[in-house]
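Notes follow once the structure below has been shown.
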Amino acid sequence: MAARGAPYLDDLNPAQREAVEALDGPVLMLAGAGTGKTKALTTRIGHLLLTGKCRTNEILGVTFTNKAAREMKTRIGRLMGEAVEGMPWLGTFHSVNAKLLRRHAELVGLKSSFTILDTDDQLRLLKQLLVANNIDDKRWPARMLAGIIDNWKNRAWTPEKVPAGEASAFDRRGVELYAQYQARLRDLNAVDFGDLLLHMLTIFQEHEDVLAQYQRWFRYILVDEYQDTNVAQYLWLRLLAQSHKNICCVGDDDQSIYGWRGAEVGNILRFEKDFPGAKVIRLEQNYRSTPHILAAASGLITANKGRLGKTLWTDAEEGEKVRLIGHWDGEEEARWIGEEIEAMQGGTRGLAPMSLDHMAILVRASHQMRAFEDRFLTIGLNYRVIGGPRFYERMEIRDAMAYFRLAVSQEDDLAFERIVNTPKRGLGDKAVQTIQRAAREHGLSLVEGARLCVDEGRLSGKGLKELRTLVQGLDRWHGQVISEADTHVELAEMILDESGYTAMWQNDKTPEAPGRLENLKELVKALEEFENLQGFLEHIALIMDNESEEQGEKVTLMTLHAAKGLEFPAVFLPGWEDGLFPSQRSMDESGLKGLEEERRLAYVGITRAEKLCTISFAGNRRVYGQWQSALPSRFIDELPQEHIEVLTPPGLYGGGFGAAAPSAGPSAVQERAMRADVYNSPGWKRMQSRQQRPVSQPAEARNMTIDLEATSSFTTGERVFHKKFGYGAITAIEGDKLEIAFDKAGVKNVVSRFVVAADL
Ligand code: ATP
Ligand code: MG
């Protein structure tokens, strides 16, 4: 074969090479982190193509994220010395199935133009169903129902297939609601994420010809991160691979972190049963991390029971031990990490200077991110957040900030322009031009110009009235900033309230609205850390400054879950505290399942690091606006001491224990000292009584009850036509506002006069 002896094969160790060259028949590659599973998988795809075994469109490759799929394509391209054309079927379970379902939608009663609902849409629909069924949303929150339904879908259970025993938890009512929900989705020509795969599975099971077509089509199947597949995904894979059995799965049972979403590690064990004679390949050499990092991770994970177990070794240079450091609170932790990063970037830590691109902070919960964002913005450290926009760049945050800026200074014309008609006050472009003219004529700020327009009646009707209200509001808020009558936090809440800004989002029915309201709350919380509004605004001004700068190196900030499969030379793992990591929920649970999953997540975290891994915890942390004390994570105890170096930050614990310089290892005494301090801290009792930390309530942004006294002449369910969005059916009516599920454009809110009744 032409590719024999190809240079890309020389880059592999014998076990990897075996996995790459065993092209036909089932292969299971089961190996620990950083052993080159993904590398082998990618090389295997390249090898398939280069040896002419198949064409790009005959390979079905499933990765965990779209990012991973893209990266794989790039790597394959590099391997082949050219850009790979196509690879149309290399993607996530979601993306591949969405594509398939578009081709066969009619087999499950959908049109190929079906809409894919996101989680918020899904919740909205479920809420409507609960209302229609007279079920109190407080007793059975829509979110809970959504969780149950997702879970059933993950197990490949359509409403008919939910076993009686399972359904009893929900009085059998749950199954009814599930069936109604599916019917409703079908009416709307919509699917949720879980449906993408479930519908295809149904199609494969009920239409042999379709299945046979794809069995022929996808001649080689490859799956990365196999340990996180759920039952439905497993069945789907098994069906597709059944005839030729050319399936190669790679995974690591120790990195299974999606059990809460229905993933089943057991799929790994079933593989050999379902594909007898499967070649099982174990990789043991880790190419990513230094021995200390590897040993720390391996030591930690041994605390889990029921592992398949594996040996990992590396011939990398010894490097530094995993560093452990405790901080007084979360802000201090963020400050210290910021300084460390700067030092590493400058090469002042005795190491070669390191690019920011090579550093990552991996958090357990996304609310941990804001402290880092705040700190980095303050010190001007560039960062990127993977999996969401940066906090202060969000629209609602910028709007709210514009109000705050005006409260502090009425000279802020940009802020005024931003909010004058947000929320809508009927002050459109013309009104703004009038205000601007008035301001220019007299050399005034826009607020002053607006006041003039009000006094001289330069606007008319509603516009005048609204502008007067706005100016009065601005004056009142400004007065309060000066008099300091209220705390700035209270004032901020008042401003958002009185301006109608909060209400604007409460009345908004788009899926994003609840999230925006949550962010506004988080913004108000952020204020608590500052003395007054001015101080806060100064801090934010730094951010707005930074923002234009898109290029350059950046530190990565992301959750541990999102970091799966990735690697960075330096990794920071903050927030190792009981109740945060492991999560309170996993600790409260009876049994060890949740806790073991958290431990695997910790293992994933440590094994992302190549050269430097730093674990930290804080004795006190503000969670959802409240101070809470916490103990260092139990996982810290489980780290093998000989691979850990305890650092003592200057000034901590009143001068701290041990030497100011890094000591040789955490002595038991040091450990106890750290803990004793936390035990004595005032918040400890509160922490103890915090058995059930209130789960953040789903943002009840919208009142989804259907208004029976609607003033519009439409009725729910009626088909309508909208000039821009096309045909759709009304799903809810509130006053003159209609919520419509459009056939093509998805669910939208429109004012009734913009639609006409459609004759079906
Ligand atoms: P994870 O379990 O975290 O997903 P993985 O097993 O998929 O890890 P890879 O990401 O494929 O591991 O590889 C880890 C690192 O080791 C990568 O930087 C990769 O390039 C390198 N690597 C893998 N195999 C070899 C090899 N045979 N020789 C040199 N480097 C290798
Ligand atoms: Mg991998």
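For the structure tokens, the naming scheme is as follows: chains receive sequential letters (A, B, ...) according to their order of presentation, residues are indexed from 1 within each chain, and ligands are indexed from 1 in presentation order.
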
Could you build a table of the residues in chain A lying no more than 9 Å from ligand 1, giving for each the nearest pair of atoms and their separation in Å rounded to one decimal place, using only C-alpha atoms and all ligand atoms, ordered by chain and ascending residue number, as JSON lines?
```
{"residue": "A:Asp10", "atom": "CA", "partner": "ligand 1", "partner_atom_place_in_ligand_line": "27 (N)", "distance": 8.3}
{"residue": "A:Asp11", "atom": "CA", "partner": "ligand 1", "partner_atom_place_in_ligand_line": "27 (N)", "distance": 5.3}
{"residue": "A:Leu12", "atom": "CA", "partner": "ligand 1", "partner_atom_place_in_ligand_line": "27 (N)", "distance": 3.8}
{"residue": "A:Asn13", "atom": "CA", "partner": "ligand 1", "partner_atom_place_in_ligand_line": "27 (N)", "distance": 4.7}
{"residue": "A:Pro14", "atom": "CA", "partner": "ligand 1", "partner_atom_place_in_ligand_line": "27 (N)", "distance": 8.4}
{"residue": "A:Gln16", "atom": "CA", "partner": "ligand 1", "partner_atom_place_in_ligand_line": "27 (N)", "distance": 7.0}
{"residue": "A:Arg17", "atom": "CA", "partner": "ligand 1", "partner_atom_place_in_ligand_line": "27 (N)", "distance": 8.6}
{"residue": "A:Leu30", "atom": "CA", "partner": "ligand 1", "partner_atom_place_in_ligand_line": "6 (O)", "distance": 8.9}
{"residue": "A:Ala31", "atom": "CA", "partner": "ligand 1", "partner_atom_place_in_ligand_line": "6 (O)", "distance": 6.6}
{"residue": "A:Gly32", "atom": "CA", "partner": "ligand 1", "partner_atom_place_in_ligand_line": "2 (O)", "distance": 5.7}
{"residue": "A:Ala33", "atom": "CA", "partner": "ligand 1", "partner_atom_place_in_ligand_line": "2 (O)", "distance": 3.3}
{"residue": "A:Gly34", "atom": "CA", "partner": "ligand 1", "partner_atom_place_in_ligand_line": "8 (O)", "distance": 3.5}
{"residue": "A:Thr35", "atom": "CA", "partner": "ligand 1", "partner_atom_place_in_ligand_line": "6 (O)", "distance": 4.0}
{"residue": "A:Gly36", "atom": "CA", "partner": "ligand 1", "partner_atom_place_in_ligand_line": "11 (O)", "distance": 3.2}
{"residue": "A:Lys37", "atom": "CA", "partner": "ligand 1", "partner_atom_place_in_ligand_line": "6 (O)", "distance": 3.7}
{"residue": "A:Thr38", "atom": "CA", "partner": "ligand 1", "partner_atom_place_in_ligand_line": "11 (O)", "distance": 3.6}
{"residue": "A:Lys39", "atom": "CA", "partner": "ligand 1", "partner_atom_place_in_ligand_line": "11 (O)", "distance": 3.7}
{"residue": "A:Ala40", "atom": "CA", "partner": "ligand 1", "partner_atom_place_in_ligand_line": "11 (O)", "distance": 6.5}
{"residue": "A:Leu41", "atom": "CA", "partner": "ligand 1", "partner_atom_place_in_ligand_line": "11 (O)", "distance": 7.8}
{"residue": "A:Thr42", "atom": "CA", "partner": "ligand 1", "partner_atom_place_in_ligand_line": "11 (O)", "distance": 8.3}
{"residue": "A:Asp224", "atom": "CA", "partner": "ligand 1", "partner_atom_place_in_ligand_line": "7 (O)", "distance": 8.0}
{"residue": "A:Glu225", "atom": "CA", "partner": "ligand 1", "partner_atom_place_in_ligand_line": "4 (O)", "distance": 7.0}
{"residue": "A:Val250", "atom": "CA", "partner": "ligand 1", "partner_atom_place_in_ligand_line": "7 (O)", "distance": 8.2}
{"residue": "A:Gly251", "atom": "CA", "partner": "ligand 1", "partner_atom_place_in_ligand_line": "2 (O)", "distance": 7.0}
{"residue": "A:Asp252", "atom": "CA", "partner": "ligand 1", "partner_atom_place_in_ligand_line": "2 (O)", "distance": 6.4}
{"residue": "A:Gln255", "atom": "CA", "partner": "ligand 1", "partner_atom_place_in_ligand_line": "2 (O)", "distance": 7.3}
{"residue": "A:Leu283", "atom": "CA", "partner": "ligand 1", "partner_atom_place_in_ligand_line": "6 (O)", "distance": 8.2}
{"residue": "A:Gln285", "atom": "CA", "partner": "ligand 1", "partner_atom_place_in_ligand_line": "24 (N)", "distance": 8.3}
{"residue": "A:Asn286", "atom": "CA", "partner": "ligand 1", "partner_atom_place_in_ligand_line": "16 (O)", "distance": 6.7}
{"residue": "A:Tyr287", "atom": "CA", "partner": "ligand 1", "partner_atom_place_in_ligand_line": "16 (O)", "distance": 4.1}
{"residue": "A:Arg288", "atom": "CA", "partner": "ligand 1", "partner_atom_place_in_ligand_line": "15 (C)", "distance": 4.6}
{"residue": "A:Ser289", "atom": "CA", "partner": "ligand 1", "partner_atom_place_in_ligand_line": "15 (C)", "distance": 8.3}
{"residue": "A:Ala563", "atom": "CA", "partner": "ligand 1", "partner_atom_place_in_ligand_line": "3 (O)", "distance": 9.0}
{"residue": "A:Lys564", "atom": "CA", "partner": "ligand 1", "partner_atom_place_in_ligand_line": "3 (O)", "distance": 6.4}
{"residue": "A:Gly565", "atom": "CA", "partner": "ligand 1", "partner_atom_place_in_ligand_line": "4 (O)", "distance": 3.6}
{"residue": "A:Leu566", "atom": "CA", "partner": "ligand 1", "partner_atom_place_in_ligand_line": "3 (O)", "distance": 6.2}
{"residue": "A:Glu567", "atom": "CA", "partner": "ligand 1", "partner_atom_place_in_ligand_line": "3 (O)", "distance": 7.1}
{"residue": "A:Val604", "atom": "CA", "partner": "ligand 1", "partner_atom_place_in_ligand_line": "3 (O)", "distance": 7.2}
{"residue": "A:Thr607", "atom": "CA", "partner": "ligand 1", "partner_atom_place_in_ligand_line": "3 (O)", "distance": 6.7}
{"residue": "A:Arg608", "atom": "CA", "partner": "ligand 1", "partner_atom_place_in_ligand_line": "3 (O)", "distance": 6.5}
{"residue": "A:Glu610", "atom": "CA", "partner": "ligand 1", "partner_atom_place_in_ligand_line": "15 (C)", "distance": 8.8}
```

Leaving out region 321-336 of chain A and any residue of its chain fewer than 6 positions from it, which residues lie within 6 Å of it when counting only C-alpha atoms, given as a list in words?
His292, Ile293, Phe372, Cys613, Thr614, Ile615, Ser616, Phe617, Ala618, Gly619, Asn620, Arg621, His643, Ile644, Glu645, Val646 and Leu647 of chain A

If you run DSSP on the backbone here, which positions in region 534-618 of chain A get strand (DSSP E)? Please write them as an MDAnalysis selection string.
chainID A and resid 555:559 568:573 609:618

Determine, counting only C-alpha atoms, which protein, DNA and RNA residues have an atom within 9 Å of an atom of Glu21 (chain A); residues of the same chain fewer than 2 positions away are not included. Present the result as a ChimeraX atom specification.
/A:16-19,23-24,44,47-48

Residues of the last selection are to be written out with N, CA and C atoms, as a tab-separated table (two decimals), in the first residue's frame.
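The resulting file, result.tsv, is shown below:
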```tsv
chain	number	residue	atom	x	y	z
A	16	GLN	N	-0.43	2.59	19.18
A	16	GLN	CA	-1.20	3.55	18.38
A	16	GLN	C	-1.22	3.12	16.92
A	17	ARG	N	-0.08	2.66	16.49
A	17	ARG	CA	0.05	2.27	15.10
A	17	ARG	C	-0.87	1.09	14.78
A	18	GLU	N	-0.96	0.21	15.76
A	18	GLU	CA	-1.85	-0.93	15.59
A	18	GLU	C	-3.29	-0.44	15.42
A	19	ALA	N	-3.66	0.53	16.25
A	19	ALA	CA	-5.03	1.06	16.19
A	19	ALA	C	-5.28	1.75	14.86
A	23	LEU	N	-7.69	-1.32	10.12
A	23	LEU	CA	-8.76	-0.51	9.55
A	23	LEU	C	-10.11	-1.21	9.55
A	24	ASP	N	-10.13	-2.49	9.34
A	24	ASP	CA	-11.41	-3.19	9.26
A	24	ASP	C	-11.72	-3.91	10.57
A	44	ARG	N	-5.87	7.73	11.99
A	44	ARG	CA	-6.61	6.64	11.37
A	44	ARG	C	-7.49	7.15	10.22
A	47	HIS	N	-5.26	7.88	7.41
A	47	HIS	CA	-4.78	6.63	6.84
A	47	HIS	C	-5.84	6.01	5.93
A	48	LEU	N	-7.08	6.03	6.39
A	48	LEU	CA	-8.20	5.52	5.58
A	48	LEU	C	-8.25	6.22	4.23
```

If we count only C-alpha atoms, what is near Asn97 (chain A) at a cut-off of 8 Å, once residues fewer than 5 positions away on the same chain are taken out, given as a list of chain:residue names?
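Those residues are A:Leu196, A:Leu197, A:Met200.
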
Pick from A:Lys611, A:Arg585, A:Arg476, A:His207: nearest to Trp260 (chain A), with only C-alpha atoms counted?
A:Arg585

Neighbouring residues of Leu467 (chain A) were defined as those with any atom within 7 Å, considering only C-alpha atoms; residues of the same chain fewer than 4 positions away were excluded. Please report them as a list in words.
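Using only C-alpha atoms, the neighbours found are Val454, Gly463 and Val471 of chain A.
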
Which residue of A:Leu9, A:Ile149, A:Cys54, A:Ala360 approaches Thr559 (chain A) most closely, using only C-alpha atoms
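The answer is A:Ala360, which sits nearest to Thr559 (chain A).
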
For Phe404 (chain A), find every residue with an atom within 9 Å (counting only C-alpha atoms), except residues of its own chain fewer than 2 positions away, and show them as a PyMOL selection string.
chain A and resi 399-402+406-409+415+477+492+495-496+533-534+537

Residues from the last selection, C-alpha atoms, saved as a short mmCIF file (atom, residue, chain, number, x, y, z; two decimals), in the first residue's frame:
```cif
data_model
loop_
_atom_site.label_atom_id
_atom_site.label_comp_id
_atom_site.auth_asym_id
_atom_site.auth_seq_id
_atom_site.Cartn_x
_atom_site.Cartn_y
_atom_site.Cartn_z
CA ASP A 399 -27.54 49.11 28.75
CA ALA A 400 -27.64 48.98 32.52
CA MET A 401 -24.21 50.56 32.73
CA ALA A 402 -25.40 53.42 30.53
CA LEU A 406 -26.01 58.89 33.54
CA ALA A 407 -26.87 58.73 37.20
CA VAL A 408 -23.28 59.63 37.99
CA SER A 409 -22.82 62.19 35.23
CA ALA A 415 -24.94 56.80 27.52
CA TRP A 477 -31.09 59.20 40.39
CA ALA A 492 -28.73 50.49 41.04
CA ILE A 495 -32.66 52.67 38.55
CA LEU A 496 -33.19 49.45 36.65
CA LEU A 533 -21.11 53.66 41.63
CA GLN A 534 -18.24 55.88 40.50
CA LEU A 537 -17.77 52.64 36.62
#
```

Any chance you could list, as a VMD selection string, the residues in region 280-509 of chain A that come up alpha helix (DSSP H) when DSSP is run on the backbone?
chain A and resid 291 to 301 330 to 346 369 to 379 395 to 408 413 to 419 429 to 442 446 to 455 461 to 483 488 to 498 501 to 506

Residue nearest ligand 2 - candidates A:Met72, A:Tyr392, A:Lys305, A:Trp157, atoms counted: only C-alpha atoms and all ligand atoms
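Between A:Met72, A:Tyr392, A:Lys305, A:Trp157, the residue approaching ligand 2 most closely is A:Met72.
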
Best match for closeness to ligand 2 among A:Met29, A:Trp89, A:Lys310, A:Leu612, counting only C-alpha atoms and all ligand atoms:
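Answer, going by the shortest atom-to-atom distance: A:Met29.
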
Pick from A:Ala232, A:Cys249, A:Ala179, A:Leu459 nearest to ligand 2, counting only C-alpha atoms and all ligand atoms
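Nearest candidate to ligand 2 out of A:Ala232, A:Cys249, A:Ala179, A:Leu459: A:Cys249.
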
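Between Ile257 (chain A) and the residues A:Arg364, A:His488, A:Arg55, A:Arg102, the shortest atom-to-atom distance, using only C-alpha atoms, involves A:Arg364.
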
What does the structure give for the distance between CA of Trp152 (chain A) and CA of Glu166 (chain A), in Å to one decimal?
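Going from CA of Trp152 (chain A) over to CA of Glu166 (chain A) covers 9.3 Å.
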
Residues near Leu49 (chain A), cut-off 10 Å, only C-alpha atoms, skip fewer than 3 positions along chain, as a ChimeraX atom specification:
/A:3,43-46,52-56,58-59,76,80,84
